[in-house]
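Data block below; observations after.
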Amino acid sequence: MKVSNFPVFSYILVIISISVTFTVASSPKLAPFISHRSANVGSRFKIFCQVEEGTREGLIFQWTKNGKKVQSNLNDDHRQIIETSKDESTLTIDHLQPSDGGNYSCLVKMSTSTSTISDHQTTLLTVKG
């Protein structure tokens with residue numbers, strides 16, 4: 001009886017598992033504003049802009065009045081203050097004047113590698129007196 005002269009090989013099978021996680025950003029959705037607000041001359045106007053649904057990371061808030069950007073302004077006689085955190089922004093105007101009346105909008109946006117996702121809300125402020 002003859003035994004084969006062929007070598008015997010052992011094979012080890014290596015299985016590599018790769019796990020890939022994709023995070024899909026959902027559009028930020030703002031809580032609705034009251035469409036019209038009235039305030040008296042000399043009073044304080046404060047409006048909150050808050051994300052109620054969707055992504056809360058990497059958000060940028062912007063306030064506008066009649067389509068023009070509003071910035072914090074700390075003058076002695078007229079104060080506009082914008083305070084922003086991770087998922088909300090507040091616009092406060094102290095010592096209202098008739099010229100402060102107009103359409104105030106809050107825009108929230110988030111840029112991804114392929115697009116910009118945004119939402120906005122607007123209210124009309126009427127200053128009386």
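Residue names in the structure tokens use chain letters A, B, ... in the order shown, residue numbers from 1 in each chain, and ligand numbers from 1 in the order shown.
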Which residues, written as a PDB file with N, CA and C atoms, in the first residue's frame, have at least one atom at most 9 Å from Leu96 (chain A), with only C-alpha atoms counted and residues fewer than 5 positions away on the same chain left out?
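Contents of result.pdb, as written:
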ATOM      1  N   ALA A  39     -47.460  95.651  20.021  1.00  0.00           N
ATOM      2  CA  ALA A  39     -46.788  96.083  21.250  1.00  0.00           C
ATOM      3  C   ALA A  39     -46.805  97.606  21.283  1.00  0.00           C
ATOM      4  N   ASN A  40     -46.683  98.168  22.472  1.00  0.00           N
ATOM      5  CA  ASN A  40     -46.706  99.624  22.644  1.00  0.00           C
ATOM      6  C   ASN A  40     -45.307 100.226  22.523  1.00  0.00           C
ATOM      7  N   VAL A  41     -45.264 101.476  22.092  1.00  0.00           N
ATOM      8  CA  VAL A  41     -44.008 102.228  22.046  1.00  0.00           C
ATOM      9  C   VAL A  41     -43.384 102.199  23.439  1.00  0.00           C
ATOM     10  N   GLY A  42     -42.076 101.981  23.509  1.00  0.00           N
ATOM     11  CA  GLY A  42     -41.356 101.958  24.783  1.00  0.00           C
ATOM     12  C   GLY A  42     -41.323 100.599  25.459  1.00  0.00           C
ATOM     13  N   SER A  43     -42.128  99.659  24.983  1.00  0.00           N
ATOM     14  CA  SER A  43     -42.160  98.339  25.623  1.00  0.00           C
ATOM     15  C   SER A  43     -41.084  97.426  25.037  1.00  0.00           C
ATOM     16  N   ARG A  44     -41.071  96.188  25.511  1.00  0.00           N
ATOM     17  CA  ARG A  44     -40.108  95.184  25.059  1.00  0.00           C
ATOM     18  C   ARG A  44     -40.824  94.163  24.171  1.00  0.00           C
ATOM     19  N   PHE A  45     -40.184  93.815  23.076  1.00  0.00           N
ATOM     20  CA  PHE A  45     -40.672  92.778  22.168  1.00  0.00           C
ATOM     21  C   PHE A  45     -39.685  91.620  22.226  1.00  0.00           C
ATOM     22  N   HIS A  78     -31.572 102.247  22.100  1.00  0.00           N
ATOM     23  CA  HIS A  78     -32.314 101.231  21.356  1.00  0.00           C
ATOM     24  C   HIS A  78     -31.509  99.943  21.377  1.00  0.00           C
ATOM     25  N   ARG A  79     -32.098  98.878  21.890  1.00  0.00           N
ATOM     26  CA  ARG A  79     -31.342  97.637  22.027  1.00  0.00           C
ATOM     27  C   ARG A  79     -32.019  96.507  21.291  1.00  0.00           C
ATOM     28  N   GLY A 101     -41.686  98.431  13.791  1.00  0.00           N
ATOM     29  CA  GLY A 101     -42.736  97.616  13.198  1.00  0.00           C
ATOM     30  C   GLY A 101     -42.286  96.999  11.888  1.00  0.00           C
ATOM     31  N   VAL A 127     -46.288  98.329  16.076  1.00  0.00           N
ATOM     32  CA  VAL A 127     -45.952  99.111  17.282  1.00  0.00           C
ATOM     33  C   VAL A 127     -46.989 100.232  17.391  1.00  0.00           C
TER      34      VAL A 127
END
Margin query: Let me make sure I understand: among A:Lys46, A:Lys128, A:Lys109, A:His120, which one has the smallest atom-to-atom distance to Leu91 (chain A) if we use only C-alpha atoms?
Written below: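 Closest to Leu91 (chain A) of all the choices is A:Lys46.
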Item checked: Closest of A:Val70, A:Ser85, A:Ala31, A:Glu57 to Tyr104 (chain A) - atom-to-atom distances counting only C-alpha atoms ->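 So, comparing all the options, the nearest one is A:Val70.
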Next item on the list: Find, counting only C-alpha atoms, the residue in A:Ile34, A:Val108, A:Ile82, A:Ile93 that gets nearest to Gly54 (chain A).
Entry: A:Val108
Next item on the list: Have a look at CA of Phe33 (chain A) and CA of Phe48 (chain A) and let me know their distance in Å, one decimal.
Entry: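 Distance between the two atoms: 8.3 Å.
Between CA of Thr55 (chain A) and CA of Ile117 (chain A) the interatomic distance comes to 10.0 Å.
Close contacts of Gln71 (chain A), defined as residues with an atom at most 9 Å away when counting only C-alpha atoms, with chain neighbours fewer than 3 positions off set aside, comprise Gln62, Trp63, Thr64, Gln80, Ile81 and Ile82 of chain A.
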Margin query: For a quick check of understanding, using only C-alpha atoms, which of A:His95, A:Lys69, A:His36, A:Arg56 has the smallest distance to Ser118 (chain A)?
Written below: A:Arg56
Next item on the list: Excluding Lys68 (chain A) and any residue of its chain fewer than 6 positions from it, enumerate the residues within 12 Å of it, using only C-alpha atoms, and give them as a ChimeraX atom specification.
Entry: /A:62,102-107
Note to self: Just to confirm, what's the straight-line distance from CA of Leu59 (chain A) to CA of Thr92 (chain A) in Å (one decimal)?
What the structure shows: 20.1 Å
Notebook entry, point to check: Can you list, as a ChimeraX atom specification, every residue of region 37-126 of chain A that DSSP puts in strand (DSSP E or B)?
Noted result: /A:37-40,45-53,60-65,68-69,73-74,79-84,88-94,102-111,116-126
